[in-house]
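Have a look at start09.pdb below; it lists PDB, C-alpha atoms.
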```
ATOM      1  CA  MET T   1      44.984 -91.898 107.472
ATOM      2  CA  ASN T   2      48.230 -91.429 105.567
ATOM      3  CA  LEU T   3      50.456 -94.038 103.963
ATOM      4  CA  VAL T   4      53.818 -94.638 105.645
ATOM      5  CA  ASP T   5      57.074 -94.693 103.686
ATOM      6  CA  ASP T   6      58.540 -97.766 105.382
ATOM      7  CA  PRO T   7      55.883-100.438 105.998
ATOM      8  CA  ASP T   8      56.877-103.500 108.027
ATOM      9  CA  GLU T   9      55.818-105.834 105.243
ATOM     10  CA  THR T  10      55.051-105.394 101.539
ATOM     11  CA  ILE T  11      53.021-107.940  99.630
ATOM     12  CA  SER T  12      52.809-107.613  95.845
ATOM     13  CA  CYS T  13      49.527-108.565  94.205
ATOM     14  CA  PRO T  14      50.288-109.023  90.482
ATOM     15  CA  PRO T  15      47.684-110.207  88.012
ATOM     16  CA  ALA T  16      48.176-113.857  87.066
ATOM     17  CA  ALA T  17      46.618-113.601  83.602
ATOM     18  CA  CYS T  18      45.391-110.991  81.128
ATOM     19  CA  CYS T  19      41.785-110.060  81.813
ATOM     20  CA  GLU T  20      41.118-109.787  78.046
ATOM     21  CA  CYS T  21      42.736-112.837  76.429
ATOM     22  CA  GLY T  22      43.851-114.897  79.458
ATOM     23  CA  ALA T  23      47.589-114.868  78.538
ATOM     24  CA  ASP T  24      50.066-115.596  81.340
ATOM     25  CA  LEU T  25      51.515-112.345  82.816
ATOM     26  CA  ALA T  26      54.105-113.946  85.152
ATOM     27  CA  GLY T  27      57.129-112.584  83.234
ATOM     28  CA  ALA T  28      55.550-109.318  82.047
ATOM     29  CA  PRO T  29      57.016-106.045  83.367
ATOM     30  CA  VAL T  30      55.027-103.959  85.853
ATOM     31  CA  THR T  31      53.607-100.885  84.098
ATOM     32  CA  ALA T  32      51.866 -99.272  87.084
ATOM     33  CA  GLN T  33      51.120 -99.968  90.692
ATOM     34  CA  ARG T  34      48.805 -98.662  93.414
ATOM     35  CA  ARG T  35      49.800 -98.791  97.099
ATOM     36  CA  HIS T  36      47.319 -99.752  99.824
ATOM     37  CA  GLN T  37      48.241-100.152 103.496
ATOM     38  CA  VAL T  38      46.502-101.799 106.419
ATOM     39  CA  THR T  39      47.636-100.742 109.890
ATOM     40  CA  ASP T  40      46.834-103.290 112.551
ATOM     41  CA  ILE T  41      48.047-104.416 115.935
ATOM     42  CA  GLU T  42      49.528-107.798 116.660
ATOM     43  CA  PRO T  43      48.268-110.113 119.373
ATOM     44  CA  ALA T  44      49.717-109.515 122.819
ATOM     45  CA  PRO T  45      53.293-110.735 122.987
ATOM     46  CA  ALA T  46      54.222-113.380 125.481
ATOM     47  CA  PRO T  47      55.597-111.714 128.606
ATOM     48  CA  LYS T  48      59.391-111.660 128.821
ATOM     49  CA  VAL T  49      60.543-113.455 131.950
ATOM     50  CA  THR T  50      64.046-112.698 133.192
ATOM     51  CA  GLU T  51      65.475-114.918 135.905
ATOM     52  CA  TYR T  52      68.076-113.474 138.257
ATOM     53  CA  VAL T  53      70.179-116.091 140.029
ATOM     54  CA  ALA T  54      71.929-114.872 143.153
ATOM     55  CA  GLN T  55      74.956-117.116 143.376
ATOM     56  CA  ALA T  56      77.023-117.753 146.459
ATOM     57  CA  LYS T  57      80.730-118.510 146.341
ATOM     58  CA  GLU T  58      83.186-119.680 148.949
ATOM     59  CA  CYS T  59      86.478-117.866 149.293
ATOM     60  CA  ALA T  60      89.429-120.239 148.858
ATOM     61  CA  GLY T  61      91.510-118.123 151.262
ATOM     62  CA  CYS T  62      89.228-117.783 154.315
ATOM     63  CA  ALA T  63      86.277-120.089 153.537
ATOM     64  CA  THR T  64      83.751-117.216 153.836
ATOM     65  CA  VAL T  65      80.648-117.682 151.691
ATOM     66  CA  THR T  66      79.562-114.490 149.922
ATOM     67  CA  ALA T  67      76.225-114.131 148.101
ATOM     68  CA  GLY T  68      75.782-112.145 144.904
ATOM     69  CA  GLU T  69      73.667-108.972 144.921
ATOM     70  CA  LEU T  70      70.410-108.778 142.980
ATOM     71  CA  PRO T  71      69.426-105.573 141.141
ATOM     72  CA  ALA T  72      67.421-103.134 143.275
ATOM     73  CA  HIS T  73      64.120-103.776 141.459
ATOM     74  CA  VAL T  74      64.306-107.535 142.161
ATOM     75  CA  ARG T  75      62.860-107.939 145.649
ATOM     76  CA  ALA T  76      60.510-110.910 145.639
ATOM     77  CA  ARG T  77      60.998-114.436 144.340
ATOM     78  CA  ALA T  78      58.545-113.612 141.540
ATOM     79  CA  SER T  79      57.481-110.057 140.692
ATOM     80  CA  TYR T  80      56.424-107.760 137.874
ATOM     81  CA  GLY T  81      59.069-105.583 136.265
ATOM     82  CA  PRO T  82      59.272-101.808 136.018
ATOM     83  CA  GLU T  83      57.633-101.629 132.571
ATOM     84  CA  THR T  84      54.637-103.667 133.743
ATOM     85  CA  CYS T  85      54.296-101.389 136.773
ATOM     86  CA  ALA T  86      54.567 -98.283 134.569
ATOM     87  CA  GLN T  87      51.925 -99.511 132.116
ATOM     88  CA  ALA T  88      49.581-100.461 134.973
ATOM     89  CA  ALA T  89      50.025 -97.024 136.575
ATOM     90  CA  ASN T  90      49.378 -95.413 133.198
ATOM     91  CA  LEU T  91      46.088 -97.284 132.891
ATOM     92  CA  VAL T  92      44.712 -96.514 136.364
ATOM     93  CA  SER T  93      46.259 -93.087 136.996
ATOM     94  CA  GLY T  94      46.953 -91.631 133.562
ATOM     95  CA  HIS T  95      43.772 -92.837 131.878
ATOM     96  CA  HIS T  96      41.544 -93.247 134.987
ATOM     97  CA  ILE T  97      40.481 -96.751 133.988
ATOM     98  CA  PRO T  98      38.737 -98.655 136.795
ATOM     99  CA  ILE T  99      40.876-101.291 138.514
ATOM    100  CA  TYR T 100      39.110-104.400 137.209
ATOM    101  CA  ARG T 101      39.011-103.119 133.631
ATOM    102  CA  ALA T 102      42.687-102.126 133.870
ATOM    103  CA  THR T 103      43.596-105.706 134.866
ATOM    104  CA  LEU T 104      41.703-107.004 131.832
ATOM    105  CA  LEU T 105      43.377-104.494 129.507
ATOM    106  CA  LEU T 106      46.862-105.292 130.772
ATOM    107  CA  CYS T 107      46.203-108.984 130.178
ATOM    108  CA  GLN T 108      44.668-108.489 126.733
ATOM    109  CA  LEU T 109      47.175-105.921 125.445
ATOM    110  CA  ALA T 110      50.396-107.036 127.118
ATOM    111  CA  GLY T 111      49.721-110.681 127.952
ATOM    112  CA  ILE T 112      50.319-110.160 131.681
ATOM    113  CA  ALA T 113      47.607-111.346 134.065
ATOM    114  CA  VAL T 114      47.749-109.415 137.337
ATOM    115  CA  SER T 115      45.307-109.576 140.227
ATOM    116  CA  THR T 116      42.898-106.747 140.945
ATOM    117  CA  GLY T 117      44.581-106.367 144.338
ATOM    118  CA  TRP T 118      47.966-105.801 142.688
ATOM    119  CA  MET T 119      46.439-103.321 140.239
ATOM    120  CA  ALA T 120      44.689-101.484 143.090
ATOM    121  CA  GLN T 121      47.974-100.848 144.915
ATOM    122  CA  ILE T 122      49.886 -99.615 141.876
ATOM    123  CA  ARG T 123      48.395 -96.092 142.032
ATOM    124  CA  GLY T 124      49.800 -95.549 145.526
ATOM    125  CA  LYS T 125      53.216 -96.888 144.515
ATOM    126  CA  ALA T 126      53.298 -94.593 141.489
ATOM    127  CA  ALA T 127      52.303 -91.590 143.610
ATOM    128  CA  ALA T 128      55.061 -92.383 146.122
ATOM    129  CA  LEU T 129      57.666 -92.649 143.353
ATOM    130  CA  VAL T 130      56.576 -89.360 141.785
ATOM    131  CA  GLN T 131      56.623 -87.628 145.166
ATOM    132  CA  ALA T 132      60.025 -89.089 146.116
ATOM    133  CA  SER T 133      61.530 -87.951 142.799
ATOM    134  CA  GLY T 134      60.951 -84.303 143.670
ATOM    135  CA  PHE T 135      58.763 -83.822 140.603
ATOM    136  CA  THR T 136      55.748 -82.447 142.474
ATOM    137  CA  ASP T 137      57.916 -80.037 144.468
ATOM    138  CA  ARG T 138      59.445 -78.712 141.248
ATOM    139  CA  VAL T 139      56.045 -78.338 139.574
ATOM    140  CA  ARG T 140      54.708 -76.571 142.686
ATOM    141  CA  GLU T 141      57.567 -74.057 142.471
ATOM    142  CA  LEU T 142      57.015 -73.517 138.754
ATOM    143  CA  LEU T 143      53.281 -72.981 139.264
ATOM    144  CA  LYS T 144      53.971 -70.266 141.830
ATOM    145  CA  THR T 145      55.754 -68.268 139.128
ATOM    146  CA  ALA T 146      53.081 -68.795 136.454
ATOM    147  CA  PRO T 147      50.967 -65.745 135.566
ATOM    148  CA  ALA T 148      47.785 -67.875 135.538
ATOM    149  CA  VAL T 149      46.908 -71.407 136.630
ATOM    150  CA  HIS T 150      43.768 -73.368 135.767
ATOM    151  CA  ALA T 151      42.107 -75.376 138.536
ATOM    152  CA  ASP T 152      39.446 -77.905 137.603
ATOM    153  CA  GLU T 153      36.865 -78.050 140.353
ATOM    154  CA  THR T 154      35.026 -81.032 138.930
ATOM    155  CA  PRO T 155      34.228 -83.346 141.856
ATOM    156  CA  GLY T 156      35.523 -86.880 141.779
ATOM    157  CA  PRO T 157      35.050 -90.005 143.900
ATOM    158  CA  ARG T 158      36.811 -90.108 147.249
ATOM    159  CA  ARG T 159      37.405 -92.973 149.644
ATOM    160  CA  GLY T 160      36.101 -92.457 153.169
ATOM    161  CA  ARG T 161      34.318 -89.440 154.577
ATOM    162  CA  ASP T 162      32.863 -87.415 151.730
ATOM    163  CA  PRO T 163      31.251 -88.749 148.571
ATOM    164  CA  VAL T 164      33.307 -86.382 146.403
ATOM    165  CA  CYS T 165      36.872 -85.152 146.347
ATOM    166  CA  ALA T 166      37.818 -81.566 145.564
ATOM    167  CA  PRO T 167      41.128 -80.782 143.793
ATOM    168  CA  GLY T 168      44.116 -81.221 146.062
ATOM    169  CA  LEU T 169      42.474 -83.798 148.359
ATOM    170  CA  HIS T 170      43.209 -86.899 146.283
ATOM    171  CA  PRO T 171      46.160 -89.025 147.488
ATOM    172  CA  LEU T 172      47.844 -88.681 144.100
ATOM    173  CA  PRO T 173      49.736 -85.498 143.347
ATOM    174  CA  ASP T 174      47.140 -83.034 142.098
ATOM    175  CA  LEU T 175      49.449 -80.617 140.349
ATOM    176  CA  HIS T 176      46.922 -77.986 139.344
ATOM    177  CA  ALA T 177      45.910 -77.429 142.983
ATOM    178  CA  TYR T 178      49.341 -76.234 144.158
ATOM    179  CA  ARG T 179      49.055 -72.463 143.705
TER     180      ARG T 179
END
```

In structure tokens, write the structure found in this file.
Amino acid sequence: MNLVDDPDETISCPPAACCECGADLAGAPVTAQRRHQVTDIEPAPAPKVTEYVAQAKECAGCATVTAGELPAHVRARASYGPETCAQAANLVSGHHIPIYRATLLLCQLAGIAVSTGWMAQIRGKAAALVQASGFTDRVRELLKTAPAVHADETPGPRRGRDPVCAPGLHPLPDLHAYR
């Protein structure tokens, strides 16, 4: 592990007294120093809660009451934000962590306690967003022009009929199977 040039905190550890005669070294100049760094993580931060207040106002001219518009990602009275959804999808889809363990990790690392049911549905939402973005179509087109494409035929668990799932049969976009 290498030392970093700009640590977040620096704590000096000067000697209080001479190890030979015991004289006070508080005002003595520093003649040499040795850097040591400890890299650590901080406890999970408290989740940031943002409240959106849709206000209604009455027009003085015609007495019509008009309600303010909420941002598109604010649909329910209480919901998780886009970063929470992205981190949850990263855990279950990007790192293939089982649902229950992913809920524990999200709580321990980000301080957000979600239900296993919510975590279970996030994979499908992420797949729908990726598909709707056109990403998989673009990758499919690029793969068709590639001189060689690797396909991993390692079986994986599949819901329903068969005990295993071959590449391309999983509900999530299986990019290496589009050739």

With the PyMOL selection byres ((chain T and resi 3) around 10) as the selection, what would be picked from this file? Answer as a PDB file with C-alpha atoms, in the coordinates of the input, please.
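That gives us result.pdb:
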```pdb
ATOM      1  CA  MET T   1      44.984 -91.898 107.472  1.00  0.00           C
ATOM      2  CA  ASN T   2      48.230 -91.429 105.567  1.00  0.00           C
ATOM      3  CA  VAL T   4      53.818 -94.638 105.645  1.00  0.00           C
ATOM      4  CA  ASP T   5      57.074 -94.693 103.686  1.00  0.00           C
ATOM      5  CA  ASP T   6      58.540 -97.766 105.382  1.00  0.00           C
ATOM      6  CA  PRO T   7      55.883-100.438 105.998  1.00  0.00           C
ATOM      7  CA  ARG T  35      49.800 -98.791  97.099  1.00  0.00           C
ATOM      8  CA  HIS T  36      47.319 -99.752  99.824  1.00  0.00           C
ATOM      9  CA  GLN T  37      48.241-100.152 103.496  1.00  0.00           C
ATOM     10  CA  VAL T  38      46.502-101.799 106.419  1.00  0.00           C
ATOM     11  CA  THR T  39      47.636-100.742 109.890  1.00  0.00           C
TER      12      THR T  39
END
```

Set the distance at 8 Å and use all atoms listed in the file: which residues neighbour stretch 73-88 of chain T once local chain neighbours fewer than 6 positions away are removed? I'd like the list as a tab-separated table (two decimals) with C-alpha atoms, in the frame of the given file.
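Printed below is around33.tsv as written:
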```
chain	number	residue	atom	x	y	z
T	102	ALA	CA	42.69	-102.13	133.87
T	103	THR	CA	43.60	-105.71	134.87
T	106	LEU	CA	46.86	-105.29	130.77
T	119	MET	CA	46.44	-103.32	140.24
T	122	ILE	CA	49.89	-99.62	141.88
T	126	ALA	CA	53.30	-94.59	141.49
```

Inset, instruction - Can you turn the PyMOL selection byres ((chain T and resi 48-54) around 9) into a concrete residue list for this file, as a PyMOL selection string? - result: chain T and resi 45-47+55-56+67-71+74

Legend entry - Pairwise distance for atom CA of T:Lys125 and atom CA of T:Ile99, rounded to one decimal in Å: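 A separation of 14.4 Å between them.
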
Inset, instruction - Scan for residues within 10 Å of the point (46.7, -93.8, 141.8) in the coordinates of the file, using only C-alpha atoms, and reply as a PyMOL selection string. - result: chain T and resi 88-94+96+119-128+170-173

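Atom CA of T:Ile41 is found 13.7 Å from atom CA of T:Gly111.
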
Completed stretch 25-50 of chain T (N, CA, C and O atoms) as a PDB file, in the coordinates of the input:
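Output contents, as saved in selection-v3.pdb:
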```pdb
ATOM      1  N   LEU T  25      50.807-113.613  82.603  1.00  0.00           N
ATOM      2  CA  LEU T  25      51.515-112.345  82.816  1.00  0.00           C
ATOM      3  C   LEU T  25      52.663-112.487  83.811  1.00  0.00           C
ATOM      4  O   LEU T  25      53.208-111.475  84.264  1.00  0.00           O
ATOM      5  N   ALA T  26      53.073-113.716  84.139  1.00  0.00           N
ATOM      6  CA  ALA T  26      54.105-113.946  85.152  1.00  0.00           C
ATOM      7  C   ALA T  26      55.410-113.230  84.832  1.00  0.00           C
ATOM      8  O   ALA T  26      56.030-112.644  85.721  1.00  0.00           O
ATOM      9  N   GLY T  27      55.857-113.206  83.589  1.00  0.00           N
ATOM     10  CA  GLY T  27      57.129-112.584  83.234  1.00  0.00           C
ATOM     11  C   GLY T  27      56.993-111.167  82.703  1.00  0.00           C
ATOM     12  O   GLY T  27      57.993-110.524  82.365  1.00  0.00           O
ATOM     13  N   ALA T  28      55.776-110.655  82.612  1.00  0.00           N
ATOM     14  CA  ALA T  28      55.550-109.318  82.047  1.00  0.00           C
ATOM     15  C   ALA T  28      56.025-108.238  83.013  1.00  0.00           C
ATOM     16  O   ALA T  28      55.919-108.396  84.227  1.00  0.00           O
ATOM     17  N   PRO T  29      56.573-107.129  82.486  1.00  0.00           N
ATOM     18  CA  PRO T  29      57.016-106.045  83.367  1.00  0.00           C
ATOM     19  C   PRO T  29      55.822-105.314  83.985  1.00  0.00           C
ATOM     20  O   PRO T  29      54.737-105.258  83.417  1.00  0.00           O
ATOM     21  N   VAL T  30      56.053-104.744  85.152  1.00  0.00           N
ATOM     22  CA  VAL T  30      55.027-103.959  85.853  1.00  0.00           C
ATOM     23  C   VAL T  30      54.958-102.590  85.188  1.00  0.00           C
ATOM     24  O   VAL T  30      55.964-101.904  85.032  1.00  0.00           O
ATOM     25  N   THR T  31      53.767-102.189  84.761  1.00  0.00           N
ATOM     26  CA  THR T  31      53.607-100.885  84.098  1.00  0.00           C
ATOM     27  C   THR T  31      53.054 -99.815  85.038  1.00  0.00           C
ATOM     28  O   THR T  31      53.223 -98.631  84.794  1.00  0.00           O
ATOM     29  N   ALA T  32      52.404-100.219  86.091  1.00  0.00           N
ATOM     30  CA  ALA T  32      51.866 -99.272  87.084  1.00  0.00           C
ATOM     31  C   ALA T  32      51.561-100.047  88.359  1.00  0.00           C
ATOM     32  O   ALA T  32      51.407-101.278  88.335  1.00  0.00           O
ATOM     33  N   GLN T  33      51.518 -99.315  89.437  1.00  0.00           N
ATOM     34  CA  GLN T  33      51.120 -99.968  90.692  1.00  0.00           C
ATOM     35  C   GLN T  33      50.414 -98.959  91.589  1.00  0.00           C
ATOM     36  O   GLN T  33      50.597 -97.756  91.456  1.00  0.00           O
ATOM     37  N   ARG T  34      49.599 -99.470  92.491  1.00  0.00           N
ATOM     38  CA  ARG T  34      48.805 -98.662  93.414  1.00  0.00           C
ATOM     39  C   ARG T  34      49.041 -99.209  94.817  1.00  0.00           C
ATOM     40  O   ARG T  34      48.838-100.400  95.058  1.00  0.00           O
ATOM     41  N   ARG T  35      49.490 -98.352  95.731  1.00  0.00           N
ATOM     42  CA  ARG T  35      49.800 -98.791  97.099  1.00  0.00           C
ATOM     43  C   ARG T  35      48.563 -98.698  97.999  1.00  0.00           C
ATOM     44  O   ARG T  35      47.843 -97.704  97.963  1.00  0.00           O
ATOM     45  N   HIS T  36      48.374 -99.714  98.801  1.00  0.00           N
ATOM     46  CA  HIS T  36      47.319 -99.752  99.824  1.00  0.00           C
ATOM     47  C   HIS T  36      47.976-100.273 101.091  1.00  0.00           C
ATOM     48  O   HIS T  36      48.796-101.193 101.035  1.00  0.00           O
ATOM     49  N   GLN T  37      47.643 -99.706 102.237  1.00  0.00           N
ATOM     50  CA  GLN T  37      48.241-100.152 103.496  1.00  0.00           C
ATOM     51  C   GLN T  37      47.162-100.421 104.531  1.00  0.00           C
ATOM     52  O   GLN T  37      46.172 -99.692 104.619  1.00  0.00           O
ATOM     53  N   VAL T  38      47.376-101.453 105.310  1.00  0.00           N
ATOM     54  CA  VAL T  38      46.502-101.799 106.419  1.00  0.00           C
ATOM     55  C   VAL T  38      47.343-101.729 107.686  1.00  0.00           C
ATOM     56  O   VAL T  38      48.353-102.431 107.808  1.00  0.00           O
ATOM     57  N   THR T  39      46.948-100.862 108.606  1.00  0.00           N
ATOM     58  CA  THR T  39      47.636-100.742 109.890  1.00  0.00           C
ATOM     59  C   THR T  39      46.846-101.532 110.910  1.00  0.00           C
ATOM     60  O   THR T  39      45.638-101.334 111.065  1.00  0.00           O
ATOM     61  N   ASP T  40      47.510-102.420 111.591  1.00  0.00           N
ATOM     62  CA  ASP T  40      46.834-103.290 112.551  1.00  0.00           C
ATOM     63  C   ASP T  40      47.759-103.533 113.727  1.00  0.00           C
ATOM     64  O   ASP T  40      48.951-103.228 113.669  1.00  0.00           O
ATOM     65  N   ILE T  41      47.222-104.047 114.794  1.00  0.00           N
ATOM     66  CA  ILE T  41      48.047-104.416 115.935  1.00  0.00           C
ATOM     67  C   ILE T  41      48.209-105.924 115.959  1.00  0.00           C
ATOM     68  O   ILE T  41      47.375-106.655 115.425  1.00  0.00           O
ATOM     69  N   GLU T  42      49.292-106.366 116.549  1.00  0.00           N
ATOM     70  CA  GLU T  42      49.528-107.798 116.660  1.00  0.00           C
ATOM     71  C   GLU T  42      48.966-108.289 117.988  1.00  0.00           C
ATOM     72  O   GLU T  42      48.780-107.505 118.914  1.00  0.00           O
ATOM     73  N   PRO T  43      48.719-109.573 118.091  1.00  0.00           N
ATOM     74  CA  PRO T  43      48.268-110.113 119.373  1.00  0.00           C
ATOM     75  C   PRO T  43      49.290-109.800 120.461  1.00  0.00           C
ATOM     76  O   PRO T  43      50.469-109.553 120.181  1.00  0.00           O
ATOM     77  N   ALA T  44      48.828-109.810 121.699  1.00  0.00           N
ATOM     78  CA  ALA T  44      49.717-109.515 122.819  1.00  0.00           C
ATOM     79  C   ALA T  44      50.919-110.443 122.793  1.00  0.00           C
ATOM     80  O   ALA T  44      50.784-111.653 122.592  1.00  0.00           O
ATOM     81  N   PRO T  45      52.104-109.874 122.959  1.00  0.00           N
ATOM     82  CA  PRO T  45      53.293-110.735 122.987  1.00  0.00           C
ATOM     83  C   PRO T  45      53.333-111.534 124.286  1.00  0.00           C
ATOM     84  O   PRO T  45      52.728-111.144 125.289  1.00  0.00           O
ATOM     85  N   ALA T  46      54.032-112.622 124.247  1.00  0.00           N
ATOM     86  CA  ALA T  46      54.222-113.380 125.481  1.00  0.00           C
ATOM     87  C   ALA T  46      55.097-112.543 126.414  1.00  0.00           C
ATOM     88  O   ALA T  46      56.034-111.889 125.955  1.00  0.00           O
ATOM     89  N   PRO T  47      54.768-112.501 127.691  1.00  0.00           N
ATOM     90  CA  PRO T  47      55.597-111.714 128.606  1.00  0.00           C
ATOM     91  C   PRO T  47      57.043-112.213 128.609  1.00  0.00           C
ATOM     92  O   PRO T  47      57.307-113.408 128.460  1.00  0.00           O
ATOM     93  N   LYS T  48      57.977-111.308 128.740  1.00  0.00           N
ATOM     94  CA  LYS T  48      59.391-111.660 128.821  1.00  0.00           C
ATOM     95  C   LYS T  48      59.719-111.917 130.289  1.00  0.00           C
ATOM     96  O   LYS T  48      59.517-111.053 131.135  1.00  0.00           O
ATOM     97  N   VAL T  49      60.191-113.093 130.577  1.00  0.00           N
ATOM     98  CA  VAL T  49      60.543-113.455 131.950  1.00  0.00           C
ATOM     99  C   VAL T  49      62.061-113.507 132.053  1.00  0.00           C
ATOM    100  O   VAL T  49      62.721-114.231 131.316  1.00  0.00           O
ATOM    101  N   THR T  50      62.603-112.721 132.952  1.00  0.00           N
ATOM    102  CA  THR T  50      64.046-112.698 133.192  1.00  0.00           C
ATOM    103  C   THR T  50      64.301-113.286 134.571  1.00  0.00           C
ATOM    104  O   THR T  50      63.726-112.826 135.564  1.00  0.00           O
TER     105      THR T  50
END
```
